[in-house]
Amino acid sequence: MWTQIYDPMGSLGLSALFAAIPLLVILVMLGVMKVKGQIAAACGVLSAIVIAIAIYGMPMGLAINSTLYGAAFGVFPICWIVITAVWIYNMSVESGEFEIIKASISSLTEDRRLQALVIAVAFNCFLEGTAGFGTPVAITAAMLAGLGFNPIFAAAVCLVANTAPVALGGVGIPTVVAASVTGLDFTTVAKYGVTQTGLLALIVPLWIAVMIGGWKRVGEVLPAVIVCGVVFAVTHVGIVNYVNAYITDLLSSIILIAVMAGFFKVWKPSKIYRFDYDAPVNENSSQKCAYSGGEIIRAWGPYIILAVLVFLWADAKLIGFKNVLVGMDKGFSFLWPGLHNEVIKTIPVVAADTPYGAKYALNIVSATGTAILCSGILGLFLMPNYGFGKGIACFFRTLNQLKWPIFTIACILGLAYIMNYSSMSYTLGLAFTATGSLFPFFSPLLGYLGVFLTGSDTSSCALFAAMQKTAAEQLSIDPNLLVAGNASGGVCAKMISPQSISVACAATNQIGQESAILRAVVGHSILMVLILAVLIYLQSNVLGFMLPG
């Protein structure tokens with residue numbers, strides 16, 4: 001067994017600098033050298049293995065094994081979700097049903113800014129609440145690209161929009177994990193969290209409208225932006241505080257979609273915004289959908305089925321269907337050989353030496369990707385003149401389309417896991433906690449780092465939430481604030497996570513354009529997390545009245 005070392009250089013700052021090298025390798029290769037995502041990811045994980053062995057003294061076998069363990073998690077269940085989500089979209093396109101979906105959205109509005117509000121904000125939140133883990137960006141970016149948005153720009157818009165709902169995405173999973181690893185109450189942490197992400201929900205619609213049409217023309221859609229932002233924020237805060245935090249995203253998105261559809265029936269923008277390459281439209285004519293209500297419902301059918309099944313797959317409270325599925329998966333999980341309990345965590349990360357477990361859950365039946373697969377199979381019955389033969393052929397074409405994103409995601413998760421098992425992640429975390437009274441400002445930045453590493457707010461909370469609680473208690477700060485801050489700050493890094501960018505590239509058929517998408521969103525990402533950092537710092541002192549009593 002090998003015991004972790006958190007300050008191998010005898011200076012926490014210098015050790016943190018070495019620990020950050022794999023992250024810097026990826027950022028420089030993507031953002032400066034503009035290399036392909038799979039190459040940057042491979043170089044990042046190789047540099048992490050070298051540092052783990054040479055600087056941290058981790059045995060080579062454990063270093064390689066922990067990397068393989070993370071890569072396996074990247075392939076399943078993460079890539080399984082991506083593959084099945086993109087498969088449904090591809091079938092919808094091949095069958096011609098996506099043209100009906102496009103027409104149904106265009107009939108609401110021809111304005112590109114308002115289309116983005118419906119898809120990138122409202123429908124994105126719906127998918128985040130039901131699935132998460134890359135599904136929202138995969139589907140909504142593909143939809144916007146299918147509607148005629150530039151694919152790279154479509155990916156950027158959806159990545160920026162995929163922020164506010166993330167902390168309570170997948171039926172609240174990131175915050176559930178944050179509460180479970182800290183021993184705090186889930187609902188309380190969620191209530192603190194929406195005082196932070198509620199601000200993002202309020203401003204994201206305006207942010208998206210400005211991204212697309214600029215500040216000078218935002219007044220043309222300001223009523224819709226205000227309605228979208230207010231409903232988005234108020235429903236999030238209200239549902240967490242007065243209904244049930246687990247279904248916040250799901251319920252708030254349904255309300256938002258209904259409100260926006262109704263609002264577009266009684267209000268039109270003063271001028272319709274279209275891209276330069278779009279066909280012109282008659283601004284004075286009322287747009288009508290050329291398809292019947294039955295055809296529209298049929299085209300949306302696979303996505304409606306997807307939402308229902310993913311909700312059932314995640315539901316352990318209302319019907320308890322998830323418990324049945326998990327029971328069917330028993331016997332498929334195993335302890336990762338050569339790694340389970342072979343690494344020892346020690347102080348100050350834990351109070352006493354603790355073996356680091358490594359259990360791989362091959363939950364084929366209960367995985368979210370399996371719910372999406374079933375949605376696609378059922379959706380085949382709704383697609384006219386398509387059939388199972390074409391659906392199976394489309395599945396294998398999708399696998400081929402996604403081969404490099406699968407490799408990239410596997411590398412990124414391998415990087416995250418070796419950084420955890422080698423203790424590089426903990427070194428970076430301890431360096432942040434050394435900031436003393438300024439730590440509330442850096443608290444969301446720690447969550448931001450975790451999501452950048454793993455692409456998952458859930459993983460970031462699992463990684464750093466306990467450390468956030470410990471730091472809060474040492475600084476006499478309400479631990480709920482900083483644990484919630486970890487989840488809130490993490491949502492801003494979703495858009496720059498290599499995993500998320502790989503998903504967006506795959507969904508929009510822009511494989512190899514990872515650096516272009518990163519450059520398009522990195523400024524938005526940094527500005528958002530700084531806004532939250534300032535807010536959470538002020539909540540720790542002068543804005544304490546914002547917090548739940």
# chains A, B, ... in the order shown; residues from 1 in each chain; ligands from 1
>>> closest_atom_pairs(of="stretch 91-209 of chain A", to="stretch 299-303 of chain A", cutoff="9 Å", atoms="only C-alpha atoms", output="Markdown table")
| residue | atom | partner | partner_atom | distance |
| --- | --- | --- | --- | --- |
| A:Ser92 | CA | A:Ala299 | CA | 7.8 |
| A:Gly96 | CA | A:Ala299 | CA | 8.8 |
| A:Glu97 | CA | A:Ala299 | CA | 5.1 |
| A:Phe98 | CA | A:Ala299 | CA | 6.8 |
| A:Glu99 | CA | A:Ala299 | CA | 8.6 |
| A:Ile100 | CA | A:Ala299 | CA | 6.3 |
| A:Ile101 | CA | A:Ala299 | CA | 6.1 |
>>> write_last_selection(atoms="C-alpha atoms", output="PDB file, in the first residue's frame")
ATOM      1  CA  SER A  92     -34.451  11.931 -35.923  1.00  0.00           C
ATOM      2  CA  GLY A  96     -36.931  13.454 -41.435  1.00  0.00           C
ATOM      3  CA  GLU A  97     -38.617  13.988 -38.069  1.00  0.00           C
ATOM      4  CA  PHE A  98     -36.140  16.653 -37.046  1.00  0.00           C
ATOM      5  CA  GLU A  99     -37.441  18.862 -39.840  1.00  0.00           C
ATOM      6  CA  ILE A 100     -40.808  18.827 -38.070  1.00  0.00           C
ATOM      7  CA  ILE A 101     -39.139  19.691 -34.752  1.00  0.00           C
TER       8      ILE A 101
END
>>> residues_around(residues="stretch 141-143 of chain A", least_positions_apart="4", cutoff="6 Å", atoms="only C-alpha atoms", output="CSV table (one decimal) with N, CA and C atoms, in the first residue's frame")
chain,number,residue,atom,x,y,z
A,137,VAL,N,-26.1,19.4,-23.5
A,137,VAL,CA,-25.3,20.1,-24.5
A,137,VAL,C,-25.4,19.3,-25.8
A,154,ALA,N,-23.3,27.4,-32.2
A,154,ALA,CA,-24.4,26.7,-31.6
A,154,ALA,C,-23.8,26.0,-30.3
A,155,ALA,N,-22.7,25.3,-30.5
A,155,ALA,CA,-22.0,24.7,-29.3
A,155,ALA,C,-21.7,25.6,-28.2
A,158,CYS,N,-24.9,26.9,-26.3
A,158,CYS,CA,-25.5,25.8,-25.4
A,158,CYS,C,-24.5,25.6,-24.2
A,507,ALA,N,-21.6,16.4,-31.0
A,507,ALA,CA,-23.0,16.6,-31.3
A,507,ALA,C,-23.2,17.5,-32.5
A,508,THR,N,-22.3,18.4,-32.8
A,508,THR,CA,-22.4,19.3,-33.9
A,508,THR,C,-21.6,18.9,-35.1
>>> closest_residue(among="A:Ile81, A:Ile418, A:Ile477, A:Val529", to="A:Ile49", atoms="only C-alpha atoms")
A:Ile418
>>> residues_around(residues="stretch 174-187 of chain A", least_positions_apart="6", cutoff="10 Å", atoms="only C-alpha atoms", output="JSON, numbers by chain")
{"A": [132, 166, 167, 168, 193, 240, 241, 244, 245, 246, 456, 457, 458, 459, 460, 461, 462, 463, 464, 465, 466, 467, 468, 469, 470, 479, 480, 483, 484, 486, 487, 488, 490]}
>>> closest_residue(among="A:Tyr192, A:Val230, A:Val237, A:Asn509", to="A:Leu481", atoms="only C-alpha atoms")
A:Tyr192
>>> residues_around(residues="A:Phe439", least_positions_apart="3", cutoff="9 Å", atoms="only C-alpha atoms", output="number ranges by chain")
A: 432-436, 442-443, 471-472, 475, 482, 537
>>> closest_residue(among="A:Ala19, A:Val521, A:Ala416, A:Met211", to="A:Gly74", atoms="only C-alpha atoms")
A:Ala416
>>> residues_around(residues="stretch 104-110 of chain A", least_positions_apart="4", cutoff="7 Å", atoms="only C-alpha atoms", output="ChimeraX atom specification")
/A:100,114-115,261,264,272,287-289,296
>>> closest_residue(among="A:Cys411, A:Ile257, A:Met419, A:Leu449", to="A:Tyr6", atoms="only C-alpha atoms")
A:Met419
>>> closest_residue(among="A:Ser425, A:Thr163, A:Asn323, A:Asn385", to="A:Glu128", atoms="only C-alpha atoms")
A:Thr163
>>> select_by_dssp(residues="stretch 262-314 of chain A", states="alpha helix (DSSP H)", output="list in words")
Gly262, Phe263, Phe264, Lys265, Val266, Gly293, Gly294, Glu295, Ile296, Ile297, Arg298, Ala299, Trp300, Gly301, Pro302, Tyr303, Ile304, Ile305, Leu306, Ala307, Val308, Leu309, Val310, Phe311, Leu312, Trp313 and Ala314 of chain A
>>> residues_around(residues="A:Thr368", least_positions_apart="4", cutoff="9 Å", atoms="only C-alpha atoms", output="number ranges by chain")
A: 77, 80-81, 131, 309-310, 313-314, 364, 372-373
>>> write_last_selection(atoms="N, CA and C atoms", output="mmCIF file, in the first residue's frame")
data_model
loop_
_atom_site.group_PDB
_atom_site.id
_atom_site.type_symbol
_atom_site.label_atom_id
_atom_site.label_comp_id
_atom_site.auth_asym_id
_atom_site.auth_seq_id
_atom_site.Cartn_x
_atom_site.Cartn_y
_atom_site.Cartn_z
ATOM 1 N N PRO A 77 -20.099 5.092 -17.282
ATOM 2 C CA PRO A 77 -21.343 5.415 -18.001
ATOM 3 C C PRO A 77 -21.331 6.706 -18.825
ATOM 4 N N TRP A 80 -21.480 6.316 -22.671
ATOM 5 C CA TRP A 80 -22.713 5.593 -22.975
ATOM 6 C C TRP A 80 -23.882 6.584 -23.105
ATOM 7 N N ILE A 81 -23.899 7.611 -22.268
ATOM 8 C CA ILE A 81 -24.930 8.652 -22.363
ATOM 9 C C ILE A 81 -24.776 9.420 -23.669
ATOM 10 N N ALA A 131 -31.398 14.258 -17.143
ATOM 11 C CA ALA A 131 -30.240 13.414 -17.470
ATOM 12 C C ALA A 131 -28.930 13.994 -16.945
ATOM 13 N N LEU A 309 -38.530 8.384 -19.382
ATOM 14 C CA LEU A 309 -37.722 7.233 -18.974
ATOM 15 C C LEU A 309 -36.535 7.647 -18.112
ATOM 16 N N VAL A 310 -35.880 8.736 -18.474
ATOM 17 C CA VAL A 310 -34.732 9.174 -17.676
ATOM 18 C C VAL A 310 -35.193 9.571 -16.272
ATOM 19 N N TRP A 313 -35.773 6.345 -14.473
ATOM 20 C CA TRP A 313 -34.483 5.720 -14.159
ATOM 21 C C TRP A 313 -33.816 6.381 -12.943
ATOM 22 N N ALA A 314 -34.101 7.684 -12.749
ATOM 23 C CA ALA A 314 -33.470 8.422 -11.648
ATOM 24 C C ALA A 314 -34.340 8.484 -10.401
ATOM 25 N N ILE A 364 -25.270 -1.640 -15.955
ATOM 26 C CA ILE A 364 -25.764 -1.589 -17.332
ATOM 27 C C ILE A 364 -27.259 -1.289 -17.378
ATOM 28 N N ILE A 372 -31.803 6.197 -22.163
ATOM 29 C CA ILE A 372 -31.825 6.896 -23.448
ATOM 30 C C ILE A 372 -31.877 5.880 -24.594
ATOM 31 N N LEU A 373 -31.147 4.768 -24.455
ATOM 32 C CA LEU A 373 -31.197 3.712 -25.462
ATOM 33 C C LEU A 373 -32.627 3.190 -25.630
#
>>> closest_residue(among="A:Leu206, A:Met33, A:Met58, A:Ile51", to="A:Ile344", atoms="only C-alpha atoms")
A:Met58
>>> select_by_dssp(residues="stretch 280-515 of chain A", states="strand (DSSP E)", output="MDAnalysis selection string")
chainID A and resid 333:335 343:345 354:356 359:361
>>> atom_distance(atom1="atom CA of A:Ala224", atom2="atom CA of A:Arg112")
12.6 Å
